[in-house]
Every structure is written in structure tokens, then in C-alpha cells.
Number of protein chains: 4
Amino acid sequence: MKSRNASVAVIGAGGYIGSAIARKFAAEGFTVFAGRRNGGKLAPLVADVQAQGGRISARSLDARKEADISAFLQEADRAAPLEVCIFNIGANVNFPLLETTERVFRKVWEMACYGGFLSAREAARHMLARGRGCIFFTGATASLRGGSGYAAFASAKFGLRAVAQSAARELGPRNIHVAHLIIDAGVDTAWVRDRIRESEGQDALDNLDPGRLMNPASVAEAYWQLYQQPPDAWTFEQEIRPFGEKW
Amino acid sequence: MKSRNASVAVIGAGGYIGSAIARKFAAEGFTVFAGRRNGGKLAPLVADVQAQGGRISARSLDARKEADISAFLQEADRAAPLEVCIFNIGANVNFPLLETTERVFRKVWEMACYGGFLSAREAARHMLARGRGCIFFTGATASLRGGSGYAAFASAKFGLRAVAQSAARELGPRNIHVAHLIIDAGVDTAWVRDRIRESEGQDALDNLDPGRLMNPASVAEAYWQLYQQPPDAWTFEQEIRPFGEKW
Amino acid sequence: MKSRNASVAVIGAGGYIGSAIARKFAAEGFTVFAGRRNGGKLAPLVADVQAQGGRISARSLDARKEADISAFLQEADRAAPLEVCIFNIGANVNFPLLETTERVFRKVWEMACYGGFLSAREAARHMLARGRGCIFFTGATASLRGGSGYAAFASAKFGLRAVAQSAARELGPRNIHVAHLIIDAGVDTAWVRDRIRESEGQDALDNLDPGRLMNPASVAEAYWQLYQQPPDAWTFEQEIRPFGEKW
Amino acid sequence: MKSRNASVAVIGAGGYIGSAIARKFAAEGFTVFAGRRNGGKLAPLVADVQAQGGRISARSLDARKEADISAFLQEADRAAPLEVCIFNIGANVNFPLLETTERVFRKVWEMACYGGFLSAREAARHMLARGRGCIFFTGATASLRGGSGYAAFASAKFGLRAVAQSAARELGPRNIHVAHLIIDAGVDTAWVRDRIRESEGQDALDNLDPGRLMNPASVAEAYWQLYQQPPDAWTFEQEIRPFGEKW
């Protein structure tokens with residue numbers, strides 16, 4: 001394994017996409033800083049990455065707290081220059097408008113949008129000082145479309161996309177690559193499989209169309225491609241979907 | 001003046017656009033409920049509308065407070081059935097990313113996005129019971145484009161647009177017209193004229209291109225057109241700009 | 001009926017939308033010039049408009065021929081100053097990609113895009129000389145989305161939208177209002193009703209949801225609203241759909 | 001050099017982007033079929049690729065002729081299974097609307113849109129039979145924006161994008177990856193450098209901001225990334241621009 005003097009911060013290192021990103025960048029020699037609400041759940045990821053010879057630190061992290069984000073990124077940068085920051089927190093909920101409480105609306109925004117703003121700003125602080133870096137955001141179908149019942153979720157995802165655009169326009173000319181990756185599909189997770197079983201039955205799950213769900217490793221691959229782009233041909237926004245997806 | 005048994009709530013009845021909307025709907029016979037942070041500033045508007053024979057109530061209103069919005073709309077609906085609710089609060093600020101404090105980011109969102117969500121939800125409560133109504137939102141260039149320095153403002157305006165889309169998709173089939181009006185231009189206000197004087201000088205202001213600024217009354221006219229659309233040909237989104245505007 | 005010294009050219013004055021536009025503008029006092037492939041089919045429209053006291057001329061017109069368009073608009077302008085030109089030719093076809101012949105692809109483009117370019121350019125010639133005018137284009141869902149089987153139709157409609165945008169950006173500052181109206185729904189025509197009967201049965205047709213189809217008169221109304229916009233608040237693009245439409 | 005039993009067809013193998021694509025895929029072991037209007041100009045590319053040990057065939061090709069496209073792709077497929085088809089023909093012109101002749105409007109469309117349709121359809125014929133393949137299109141800023149003076153060019157590029165979308169939605173579920181790459185910048189070519197010298201002077205050219213122009217090789221790299229995407233995470237549309245580009 002090639003080793004690099006560079007760290008990647010994965011904010012929202014959940015069990016599927018976030019973990020896959022951590023694994024991929026670790027395999028490419030990065031020092032990984034993985035944060036999620038309950039850092040204890042990161043133990044299997046840490047064990048796994050270390051077994052492969054990778055370097056990884058796991059932390060409990062509340063992305064809605066300025067001080068937490070700031071400390072997390074500072075620590076990452078101290079371990080090795082912060083080269084990549086990936087904000088990967090979602091908060092997919094669906095409620096009829098009248099049943100969307102102010103508490104839900106606010107919490108979804110704090111997790112999926114406000115946390116992204118804090119992450120971008122604090123990551124930029126380290127990267128601007130060094131004149132380089134990548135800040136990537138995970139988007140979703142709801143980043144572009146406010147569907148029925150998605151007032152809270154789409155509002156947060158639209159808002160995050162605006163943060164990404166503003167950051168890209170300000171930081172791009174200073175050699176920091178900001179990108180927004182739109183996952184326009186279901187990802188192959190236990191949660192998504194449960195939803196399919198519930199709504200379509202076990203049979204549907206057993207005979208799942210191979211073109212329907214996205215492998216978390218493929219999302220990680222997409223981020224890796226973004227990381228590798230030369231600075232004269234950067235992508236800001238890119239959507240990915242399985243070949244069978246309707247769009 | 002034709003009189004109607006209907007009220008319009010104008011949330012964010014500022015001195016220019018909001019007042020023009022209030023005047024227009026009052027002139028068309030609506031009972032107007034006008035709310036803004038400092039209700040005292042609404043006195044001239046009230047005097048003016050009443051002098052024309054219109055009906056208007058003015059209230060201090062903090063759109064970031066659920067109870068305030070709820071009470072305001074309830075009162076409007078009690079005065080006359082709530083037929084139109086227009087959310088017109090902006091919060092245009094520009095800061096480099098690193099200088100965008102968490103306080104600014106949060107406050108801009110609370111005013112320009114969260115307040116819009118509360119308004120839509122509470123207005124829908126009254127309108128769904130009656131099976132009709134219109135909920136309109138004022139958007140801006142920043143609703144579609146996150147420019148450099150606009151992380152806070154664009155994020156809130158993107159978020160508001162998502163709320164509008166979700167509401168339109170859920171409420172449209174129940175006969176409630178939700179629309180998002182994008183003002184893609186400077187509006188002719190004292191504040192905008194000051195900005196032009198500052199950046200381009202008094203001369204520029206004295207010789208202002210007639211195609212450059214938008215008259216607040218023209219925004220009110222656009223809302224009036226949306227109100228008049230037949231239910232088999234509703235517009236969700238519409239942008240307006242003066243003929244001389246670059247886009 | 002108010003009479004105006006102004007003409008409107010309706011290019012593609014088919015039996016539904018085009019005729020409704022002609023009727024509306026005639027009722028508002030315009031001299032109408034209505035053109036369609038087979039001008040003979042315009043006889044009922046002419047009789048009807050004249051019975052209402054309106055002024056209308058009908059012509060056979062092949063919008064794919066530069067000389068035809070040029071002569072048609074010149075004649076309209078001679079009758080009364082050409083104030084509005086509405087390009088309303090569609091060519092909705094659906095074929096799998098491999099079965100889309102080069103003949104179909106070219107013909108659909110010539111009718112729905114190339115004809116629109118010729119119309120805009122020739123209308124602009126008259127309007128620029130006079131320093132005012134409106135050029136409106138009828139768009140469709142396929143103006144924004146290339147669905148499966150719509151390579152020919154969507155390609156032409158996308159292309160027409162680009163013509164409209166370019167014209168709007170060039171002619172707007174010269175006081176010519178260019179707009180693109182997107183009809184995102186089925187319109188209530190014999191053809192659409194036949195399609196519904198075919199695919200869903202007579203029953204579906206007999207119990208048609210009132211929020212499903214758009215009345216051609218409502219499209220005409222939308223054009224009339226665009227025509228009435230003050231020059232400091234012009235809309236370039238506006239979509240309309242019935243309240244029951246999924247989008 | 002790894003050798004593959006696969007061909008790539010580059011339609012519009014001009015001196016910069018097209019050549020760079022040809023070089024990249026040849027270096028990755030593909031048999032390259034390169035076509036451009038004047039095939040004679042491809043001699044240096046052929047010599048160069050062959051000197052590196054690559055396999056390449058060059059042809060004169062008029063992409064506006066169905067029979068030419070069909071024969072070209074058939075020949076490529078016969079040499080080695082056609083795995084990738086890249087349509088790379090532009091026709092960037094700018095004329096005021098009134099000076100855009102019907103001849104220019106038609107020719108630009110035939111080159112930049114109609115040729116793309118023919119290429120996609122004929123490539124799909126070979127690929128569907130084999131159940132796999134990639135069809136890629138080169139887009140531009142004008143694919144998304146009809147600027148002043150770009151009625152002809154933007155109309156063709158919008159139309160091409162619609163073809164790409166329709167093809168992607170129809171062919172994706174059949175395991176053919178269709179993508180549309182938007183180059184939102186000037187590419188570093190002799191023509192672009194001449195334009196800069198003309199409008200900004202030799203000095204501007206001598207002190208060119210390194211973040212301003214895109215290297216043709218970087219475009220080729222972007223295509224290579226698209227080719228490598230796993231089928232559960234395909235991108236349809238992706239824009240690339242140099243870090244210094246305004247957008």
C-alpha cells in the first residue's frame with residue numbers, strides 16, 4: 001500500500017457509503033479521520049481498515065456543533081495535511097406537510113445542511129492556508145427535486161447544494177476543488193432492503209434487478225475519480241445512478 | 001372598489017415589494033393582513049390603503065416563531081377566509097465563506113427559509129379545510145444560483161424553493177395553488193439605489209437605465225396574475241426581470 | 001370590442017391551442033393573422049371570429065419555408081403593426097431510437113425548431129424597426145426532458161428553447177419581449193382524448209379527472225398574461241399545468 | 001501496452017480534443033477509428049499513435065450523411081467489437097439573430113446535432129446486439145445556455161443534449177452507458193489562443209492564467225473516467241472546467 005502524507009475527513013461515516021469512502025481512501029494511502037454521531041459504531045471499520053494496513057482514527061462527532069467540527073478537522077490536519085473533506089450526512093424523512101413538525105424541519109436542516117456549511121468552512125480554513133484541497137458533498141435526488149412529503153429533507157439538500165455552489169465559486173479560483181455528487185438511486189444498504197421488503201415483499205428482494213441498487217463501493221469510486229481530476233478539468237456536479245434506474 | 005369575502009396574508013410586508021402587494025390586493029377588494037418584524041413601520045401603508053377605501057390590518061410578526069405565524073394566519077382567516085398567503089421575507093447578505101458566522105448562517109435560514117415553511121404549513125391548514133387557496137413565495141436569483149459569498153443567502157433561498165416545490169406537489173392535487181416567483185433583478189428601493197450610488201456614483205443613479213430596476217408594483221402585478229390563473233393552467237415557477245437585465 | 005392598430009401572427013394555428021390564441025387576441029381587438037399547413041381548415045375559426053366582430057386573416061403556411069414565413073409576417077405587418085408573433089407548431093412523435101428514421105428526425109426538427117427560428121428572426125425584423133413587440137414560443141415537457149422514445153421530438157423542442165433564449169437575451173434590451181411557455185400537461189383535444197381512450201378505455205374518458213387536461217383557452221389566457229406584463233417585469237419562461245398533473 | 005479486443009469510434013477527431021481522445025484510448029489498448037471531414041489531416045495523429053504501438057484507422061467522414069456514419073461504425077465494429085462511440089463535432093459560431101442565415105442555422109444543426117443522432121442510433125445498433133457499450137457526447141456551455149448571438153449553435157447543442165438524454169433513458173436499462181460531457185470553458189487550442197490574442201492582445205496570451213484554458217488531454221481523461229464507471233453508478237451528465245473559470 002502506497003502511503004501519503006495526507007488526511008481525508010469523512011463526516012458522516014455511516015455503515016455503508018461513509019465506510020466505503022473511508023476504506024477506499026485508506027487503501028490509497030490516506031490517513032482517514034472518520035466521524036459519526038456514535039463513534040463507537042466505527043469499531044468494525046477501524047479494525048477492518050487496520051487489518052488491511054491502513055491508517056484510520058474514529059471519533060464521535062456531532063456535525064451540528066461548530067466546536068466539534070472545528071476540533072475534528074483540526075485533529076485530522078494535525079495527523080496529516082487535510083487534503084480531502086467529505087460531508088456525507090443525510091437525514092431522509094418523509095412526512096405530509098401538515099405533519100412536518102418544526103422540530104423535524106429544524107433537525108433535518110441542522111444535520112444535512114448546517115453541518116455541511118460548518119464542515120466546508122472549517123475545511124477551507126486549513127486548505128486555503130496550504131493552497132490546495134478537495135471538499136466534497138453527498139447529494140441526492142432531493143437535492144434537485146422537492147417531491148411530495150419531502151419539504152424538510154429536500155429543503156436541507158437544496159440548501160446544502162447552494163453551500164457547495166457558493167464554496168465552489170469562491171474557492172475554485174484558489175485551487176480548492178469543491179464538488180457535489182448526486183446519488184440518484186437507492187444504495188444497497190440494510191435499510192433500503194428493508195424498505196423494499198416492506199413495500200414489495202421478500203420475493204421482490206430475492207429477485208432484485210441487478211441494475212436497481214448502487215453498491216456503496218461505487219460511490220467511493222466516484223469520489224476517488226473526482227479526487228483524481230486535473231485542476232484544468234474539474235467537475236462541480238455529477239449524478240450517478242445504476243443502469244436500471246428510472247429518471 | 002369591489003369587495004371580496006377573502007383575506008390575503010402578506011408575511012414580510014416591507015416598505016417596497018410587500019407594501020405593493022398589500023396595496024394591490026386591497027385595491028382588488030381583499031382584506032389584507034400585513035405582518036413585519038416591526039409592525040409600527042406599517043402605519044403609513046395602513047393609512048394609505050384605508051384612504052383608498054381598502055381594508056387592512058397590520059401586525060408585528062416574527063416569522064421565525066411558530067406561534068406568531070400560527071396566530072397571524074388564524075386571525076387573518078377569522079377576519080375573512082384566508083385565500084392567499086404570500087411569503088416575502090428575504091435576508092440578502094454577502095460574506096466570504098470564512099467570515100460567514102454560524103449565527104449569520106442560522107439567522108438568514110430562519111428568516112428566509114424556516115419562516116416560509118411555517119407560513120406554508122399553517123396557511124395550508126386553513127386552505128385544505130376549505131379546499132382552495134394560494135400560497136406564493138418570493139424567490140430571487142439566489143434561489144437558483146449559489147454565487148460567491150452567498151453561502152448563507154443562497155442556501156436559505158434554495159431551501160425555500162424546495163419547500164415550495166414539495167408543497168406544490170402535495171397541495172396542487174388538492175386545489176391549492178403554490179407558486180414561486182423569482183425576481184431576477186434589482187428592485188427599485190432606497191436600499192438598492194444606495195448600493196448603486198456607492199458602487200457607481202451619483203451620476204450612474206441620475207442616469208439610470210429605465211430597463212434596469214424593477215418597480216415593486218410590477219412584482220405585485222405578477223402575483224396578481226398568478227392569483228388569476230385558472231386551475232387547469234397553474235404556474236409553479238416564473239421568473240421576472242426588467243428588459244435591460246443581463247441573465 | 002376594443003379595436004387596436006396591432007396585428008398578432010399565430011404560426012401553427014391548429015384546431016385547439018392555436019385557435020384559442022387567435023380567438024383571445026381577436027377578442028382583445030387585434031388583427032389576427034392565422035397560418036397553418038392547410039389554410040382551408042381555418043374556415044370555421046375565421047367564421048367564428050368574424051361573427052364575434054373580430055378581424056382575422058387565414059393563410060396556408062409552410063413554416064419550414066423561409067419565403068413563406070417572411071411573406072406571412074410581412075402581410076400581417078402591412079395589415080396592422082406586428083405586435084405579437086406566436087410560434088405554436090409541435091410535432092409530437094415517439095419512436096424507439098433504432099426506428100427513428102433520419103426523415104422523421106429531420107422533419108420534426110424542421111417543423112418544431114427551424115420554423116421557430118425563421119419566425120423569430122423575421123418577426124424581429126419588423127419589431128426592431130419599431131422598437132417594440134412580443135415573440136412567444138409554445139414549449140412542452142419535452143423542452144426540458146428527453147424521455148425514452150423522444151429523441152426526435154425532444155431534440156427539436158430543446159433546440160427551439162435555445163432559439164428562444166438567445167433571442168430573449170439579444171432582443172430584450174431592445175424592448176422586445178421573448179417568452180417560452182411550457183405546457184407541462186395534456187391539452188384537452190380530440191387527439192389527446194383518443195389516446196386516453198386507447199390506453200385506458202372509454203370509462204377512463206367518461207370519468208376524466210377535472211384536474212387532468214388543460215383547456216386550450218387557458219393556454220391563450222397565459223399568453224395574454226405574458227403580453228400584458230410591464231417591461232420592467234418580463235417573464236422569459238413559465239410552465240403551466242392543471243392542478244392534478246404529476247410533475 | 002495492454003491490448004483489448006475492442007474498438008472506439010471518434011467522430012469528429014479534430015486536432016485537439018478528438019485527437020487527445022484517440023491517443024488516450026489507443027494507449028489503453030483500443031483499436032481506434034478516427035473520422036473527420038478531411039481524413040487527410042489525420043495523418044500526424046495516425047503516425048503518432050502507431051509510433052507508440054497503438055492501433056488506429058483514419059477515415060474521411062461526413063457526419064451529416066447517414067450512409068457515411070453507418071459505414072464508418074460498421075467498419076470499426078468489424079475491426080474489433082465497437083465498445084465506445086464518442087461524438088465530438090462542434091460548430092461554434094456567433095451571429096446576431098438577423099444575420100443568422102437559414103443556411104448557417106441548418107448547417108450547424110446538421111453537424112452538431114443531426115450527426116450526433118445518426119451516430120448514436122448506428123452505434124446503438126451494434127451495441128444492443130452485444131448487450132453493452134458506451135455512447136458519449138461532447139457538450140458545451142451552449143448545451144445549457146442560449147446566449148446572445150448563439151441561436152444556431154446553442155439550438156444545435158441543446159438538441160444534441162436531448163438526443164443524449166433520450167438515448168440514455170432508453171438504452172441505460174439495456175446496459176449501454178450514454179453520457180454527455182459538458183466542457184464549460186475554453187480549450188487550449190490554436191483557435192482559442194488566436195481569439196484571445198485578437199481580443200486581449202499578445203500580452204494577455206503570454207501571461208495566460210494557468211487556470212483559464214483546459215488541456216485537451218484532460219477532456220480525454222474525463223472520457224476515460226466515464227468509461228471506467230461501474231454500471232451501478234453511471235453518470236449521465238458531467239461538466240468540467242478549469243479551476244479559474246467563472247461560472
# chains A, B, ... in the order shown; residues from 1 in each chain; ligands from 1
$ interface_residues --of "chain D" --to "chain C" --cutoff "7 Å" --atoms "only C-alpha atoms" --output "short mmCIF file (atom, residue, chain, number, x, y, z; two decimals) with N, CA and C atoms, in the first residue's frame"
data_model
loop_
_atom_site.label_atom_id
_atom_site.label_comp_id
_atom_site.auth_asym_id
_atom_site.auth_seq_id
_atom_site.Cartn_x
_atom_site.Cartn_y
_atom_site.Cartn_z
N LEU D 97 -29.02 37.65 -34.42
CA LEU D 97 -30.15 36.87 -34.92
C LEU D 97 -30.48 37.23 -36.37
N LEU D 98 -30.56 38.52 -36.67
CA LEU D 98 -30.97 38.91 -38.03
C LEU D 98 -29.95 38.51 -39.09
N ARG D 121 -27.62 6.41 -32.98
CA ARG D 121 -28.51 5.35 -33.44
C ARG D 121 -27.71 4.20 -34.06
N ARG D 125 -27.10 0.25 -32.60
CA ARG D 125 -27.40 -0.96 -33.37
C ARG D 125 -26.37 -2.06 -33.07
N GLY D 146 -28.57 29.47 -23.92
CA GLY D 146 -28.64 30.11 -25.23
C GLY D 146 -28.25 31.57 -25.10
N GLY D 147 -26.99 31.87 -25.27
CA GLY D 147 -26.51 33.24 -25.12
C GLY D 147 -26.86 34.08 -26.33
N SER D 148 -26.71 35.38 -26.17
CA SER D 148 -26.97 36.31 -27.27
C SER D 148 -26.04 35.99 -28.44
N GLY D 149 -26.61 35.82 -29.60
CA GLY D 149 -25.80 35.53 -30.78
C GLY D 149 -25.59 34.05 -31.04
N TYR D 150 -26.09 33.22 -30.14
CA TYR D 150 -25.85 31.78 -30.28
C TYR D 150 -27.09 31.00 -30.69
N ALA D 151 -28.04 31.64 -31.35
CA ALA D 151 -29.26 30.92 -31.73
C ALA D 151 -28.92 29.62 -32.47
N ALA D 154 -26.33 27.20 -30.01
CA ALA D 154 -26.99 26.69 -28.81
C ALA D 154 -28.17 25.78 -29.19
N SER D 155 -28.88 26.15 -30.23
CA SER D 155 -30.01 25.33 -30.65
C SER D 155 -29.54 23.92 -31.01
N ALA D 156 -28.43 23.83 -31.71
CA ALA D 156 -27.89 22.52 -32.07
C ALA D 156 -27.40 21.77 -30.84
N PHE D 158 -28.31 22.24 -27.61
CA PHE D 158 -29.48 21.83 -26.81
C PHE D 158 -30.08 20.55 -27.43
N GLY D 159 -30.23 20.58 -28.75
CA GLY D 159 -30.85 19.44 -29.44
C GLY D 159 -30.04 18.17 -29.26
N LEU D 160 -28.72 18.30 -29.30
CA LEU D 160 -27.85 17.13 -29.11
C LEU D 160 -28.02 16.58 -27.70
N ALA D 162 -30.65 16.67 -25.89
CA ALA D 162 -31.92 15.94 -25.82
C ALA D 162 -31.76 14.54 -26.42
N VAL D 163 -31.03 14.45 -27.51
CA VAL D 163 -30.77 13.13 -28.10
C VAL D 163 -30.06 12.25 -27.08
N GLN D 165 -30.06 12.49 -23.81
CA GLN D 165 -30.97 12.12 -22.71
C GLN D 165 -31.92 11.01 -23.13
N SER D 166 -32.52 11.17 -24.29
CA SER D 166 -33.46 10.14 -24.76
C SER D 166 -32.76 8.80 -24.92
N ALA D 167 -31.58 8.86 -25.49
CA ALA D 167 -30.82 7.62 -25.69
C ALA D 167 -30.45 7.00 -24.35
N ARG D 169 -31.99 7.26 -21.47
CA ARG D 169 -33.16 6.68 -20.79
C ARG D 169 -33.62 5.39 -21.47
N GLU D 170 -33.44 5.32 -22.78
CA GLU D 170 -33.87 4.10 -23.48
C GLU D 170 -32.82 3.00 -23.39
#
$ select_by_dssp --residues "segment 61-165 of chain C" --states "alpha helix (DSSP H)" --output "PDB file with C-alpha atoms, in the first residue's frame"
ATOM      1  CA  GLU C  66     -38.213  30.904 -45.310  1.00  0.00           C
ATOM      2  CA  ALA C  67     -40.112  32.704 -48.055  1.00  0.00           C
ATOM      3  CA  ASP C  68     -43.483  31.618 -46.676  1.00  0.00           C
ATOM      4  CA  ILE C  69     -42.729  32.858 -43.168  1.00  0.00           C
ATOM      5  CA  SER C  70     -41.278  36.067 -44.451  1.00  0.00           C
ATOM      6  CA  ALA C  71     -44.297  36.802 -46.667  1.00  0.00           C
ATOM      7  CA  PHE C  72     -46.783  35.846 -43.981  1.00  0.00           C
ATOM      8  CA  LEU C  73     -45.305  38.201 -41.403  1.00  0.00           C
ATOM      9  CA  GLN C  74     -44.863  40.973 -43.914  1.00  0.00           C
ATOM     10  CA  GLU C  75     -48.507  40.757 -44.847  1.00  0.00           C
ATOM     11  CA  ALA C  76     -49.534  40.773 -41.197  1.00  0.00           C
ATOM     12  CA  ASP C  77     -47.374  43.801 -40.534  1.00  0.00           C
ATOM     13  CA  ARG C  78     -48.888  45.581 -43.504  1.00  0.00           C
ATOM     14  CA  ALA C  79     -52.402  44.989 -42.223  1.00  0.00           C
ATOM     15  CA  GLU C 102     -33.452  10.253 -40.491  1.00  0.00           C
ATOM     16  CA  ARG C 103     -36.512  11.538 -42.365  1.00  0.00           C
ATOM     17  CA  VAL C 104     -38.592  11.748 -39.188  1.00  0.00           C
ATOM     18  CA  PHE C 105     -35.773  13.298 -37.195  1.00  0.00           C
ATOM     19  CA  ARG C 106     -35.237  15.973 -39.822  1.00  0.00           C
ATOM     20  CA  LYS C 107     -38.897  16.708 -40.432  1.00  0.00           C
ATOM     21  CA  VAL C 108     -39.753  17.091 -36.756  1.00  0.00           C
ATOM     22  CA  TRP C 109     -36.824  19.479 -36.389  1.00  0.00           C
ATOM     23  CA  GLY C 115     -39.649  27.056 -38.317  1.00  0.00           C
ATOM     24  CA  GLY C 116     -39.450  28.732 -34.935  1.00  0.00           C
ATOM     25  CA  PHE C 117     -36.065  30.197 -35.730  1.00  0.00           C
ATOM     26  CA  LEU C 118     -37.332  31.593 -39.032  1.00  0.00           C
ATOM     27  CA  SER C 119     -40.419  33.025 -37.350  1.00  0.00           C
ATOM     28  CA  ALA C 120     -38.440  34.713 -34.589  1.00  0.00           C
ATOM     29  CA  ARG C 121     -35.908  36.196 -36.962  1.00  0.00           C
ATOM     30  CA  GLU C 122     -38.478  37.534 -39.407  1.00  0.00           C
ATOM     31  CA  ALA C 123     -40.748  38.856 -36.656  1.00  0.00           C
ATOM     32  CA  ALA C 124     -37.755  40.575 -35.044  1.00  0.00           C
ATOM     33  CA  ARG C 125     -37.038  42.354 -38.307  1.00  0.00           C
ATOM     34  CA  HIS C 126     -40.374  44.149 -38.135  1.00  0.00           C
ATOM     35  CA  MET C 127     -40.313  44.693 -34.388  1.00  0.00           C
ATOM     36  CA  LEU C 128     -36.779  46.047 -34.143  1.00  0.00           C
ATOM     37  CA  ALA C 129     -37.641  48.671 -36.726  1.00  0.00           C
ATOM     38  CA  ARG C 130     -40.457  49.796 -34.466  1.00  0.00           C
ATOM     39  CA  ALA C 151     -35.079  11.689 -29.448  1.00  0.00           C
ATOM     40  CA  ALA C 152     -36.676  13.495 -32.401  1.00  0.00           C
ATOM     41  CA  PHE C 153     -39.339  15.498 -30.598  1.00  0.00           C
ATOM     42  CA  ALA C 154     -37.310  16.497 -27.537  1.00  0.00           C
ATOM     43  CA  SER C 155     -34.322  17.388 -29.688  1.00  0.00           C
ATOM     44  CA  ALA C 156     -36.466  19.799 -31.688  1.00  0.00           C
ATOM     45  CA  LYS C 157     -38.125  21.253 -28.577  1.00  0.00           C
ATOM     46  CA  PHE C 158     -34.790  21.672 -26.756  1.00  0.00           C
ATOM     47  CA  GLY C 159     -33.478  23.390 -29.870  1.00  0.00           C
ATOM     48  CA  LEU C 160     -36.461  25.728 -30.028  1.00  0.00           C
ATOM     49  CA  ARG C 161     -35.948  26.674 -26.395  1.00  0.00           C
ATOM     50  CA  ALA C 162     -32.348  27.633 -27.178  1.00  0.00           C
ATOM     51  CA  VAL C 163     -33.542  29.840 -30.025  1.00  0.00           C
ATOM     52  CA  ALA C 164     -35.972  31.489 -27.613  1.00  0.00           C
ATOM     53  CA  GLN C 165     -33.240  32.050 -25.001  1.00  0.00           C
TER      54      GLN C 165
END
$ residues_around --residues "Arg59 of chain D" --least-positions-apart "3" --cutoff "7 Å" --atoms "only C-alpha atoms" --output "PyMOL selection string"
chain D and resi 34-36+39
$ closest_residue --among "B:Ala80, B:Ala112, B:Val8, B:Ile240" --to "Leu181 of chain B" --atoms "only C-alpha atoms"
B:Ile240
$ residues_around --residues "segment 188-203 of chain A" --least-positions-apart "3" --cutoff "9 Å" --atoms "only C-alpha atoms" --output "list in words"
Gly15, Tyr16, Ile17, Asp206, Asn207, Leu208, Arg212, Leu213, Met214, Asn215 and Pro216 of chain A
$ residues_around --residues "Ile176 of chain D" --least-positions-apart "2" --cutoff "6 Å" --atoms "only C-alpha atoms" --output "number ranges by chain"
D: 132-134, 171-172, 174
$ write_last_selection --atoms "all heavy atoms" --output "short mmCIF file (atom, residue, chain, number, x, y, z; two decimals), in the first residue's frame"
data_model
loop_
_atom_site.label_atom_id
_atom_site.label_comp_id
_atom_site.auth_asym_id
_atom_site.auth_seq_id
_atom_site.Cartn_x
_atom_site.Cartn_y
_atom_site.Cartn_z
N ARG D 132 -23.89 -4.38 -24.63
CA ARG D 132 -23.02 -3.48 -23.88
C ARG D 132 -22.39 -2.42 -24.80
O ARG D 132 -22.39 -2.57 -26.01
CB ARG D 132 -21.92 -4.27 -23.18
CG ARG D 132 -21.04 -5.05 -24.15
CD ARG D 132 -19.94 -5.76 -23.42
NE ARG D 132 -19.13 -4.77 -22.72
CZ ARG D 132 -17.91 -4.99 -22.26
NH1 ARG D 132 -17.39 -6.21 -22.37
NH2 ARG D 132 -17.23 -4.05 -21.68
N GLY D 133 -21.86 -1.39 -24.16
CA GLY D 133 -21.22 -0.33 -24.93
C GLY D 133 -21.40 1.03 -24.28
O GLY D 133 -22.15 1.17 -23.31
N CYS D 134 -20.67 2.00 -24.81
CA CYS D 134 -20.73 3.37 -24.29
C CYS D 134 -20.89 4.34 -25.45
O CYS D 134 -20.17 4.25 -26.45
CB CYS D 134 -19.43 3.74 -23.58
SG CYS D 134 -19.08 2.74 -22.13
N LEU D 171 -31.55 3.37 -23.51
CA LEU D 171 -30.50 2.36 -23.63
C LEU D 171 -29.87 1.97 -22.30
O LEU D 171 -29.31 0.89 -22.16
CB LEU D 171 -29.42 2.86 -24.60
CG LEU D 171 -29.92 3.26 -26.00
CD1 LEU D 171 -28.76 3.78 -26.84
CD2 LEU D 171 -30.58 2.06 -26.70
N GLY D 172 -29.93 2.86 -21.30
CA GLY D 172 -29.35 2.56 -20.00
C GLY D 172 -29.82 1.21 -19.46
O GLY D 172 -28.99 0.36 -19.11
N ARG D 174 -30.66 -1.22 -20.88
CA ARG D 174 -30.18 -2.32 -21.70
C ARG D 174 -28.65 -2.38 -21.66
O ARG D 174 -28.00 -2.91 -22.54
CB ARG D 174 -30.73 -2.19 -23.12
CG ARG D 174 -32.27 -2.24 -23.07
CD ARG D 174 -32.92 -1.92 -24.39
NE ARG D 174 -32.78 -3.05 -25.33
CZ ARG D 174 -33.25 -3.01 -26.57
NH1 ARG D 174 -33.88 -1.93 -27.00
NH2 ARG D 174 -33.09 -4.04 -27.36
#
$ residues_around --residues "Pro210 of chain A" --least-positions-apart "6" --cutoff "10 Å" --atoms "only C-alpha atoms" --output "PyMOL selection string"
(chain A and resi 242-244) or (chain D and resi 231-232)
$ select_by_dssp --residues "segment 55-227 of chain D" --states "strand (DSSP E)" --output "VMD selection string"
chain D and resid 55 to 60 82 to 87 133 to 140 176 to 183 186 to 187 213 to 214
$ closest_residue --among "B:Ala20, B:Val46, B:Leu82, B:Ala233" --to "Val219 of chain B" --atoms "only C-alpha atoms"
B:Ala20
$ atom_distance --atom1 "atom CA of Gln228 of chain C" --atom2 "atom CA of Trp224 of chain B"
12.0 Å
$ atom_distance --atom1 "atom CA of Lys246 of chain C" --atom2 "atom CA of Ala185 of chain C"
8.8 Å
$ atom_distance --atom1 "atom CA of Gly211 of chain D" --atom2 "atom CA of Glu28 of chain A"
27.0 Å
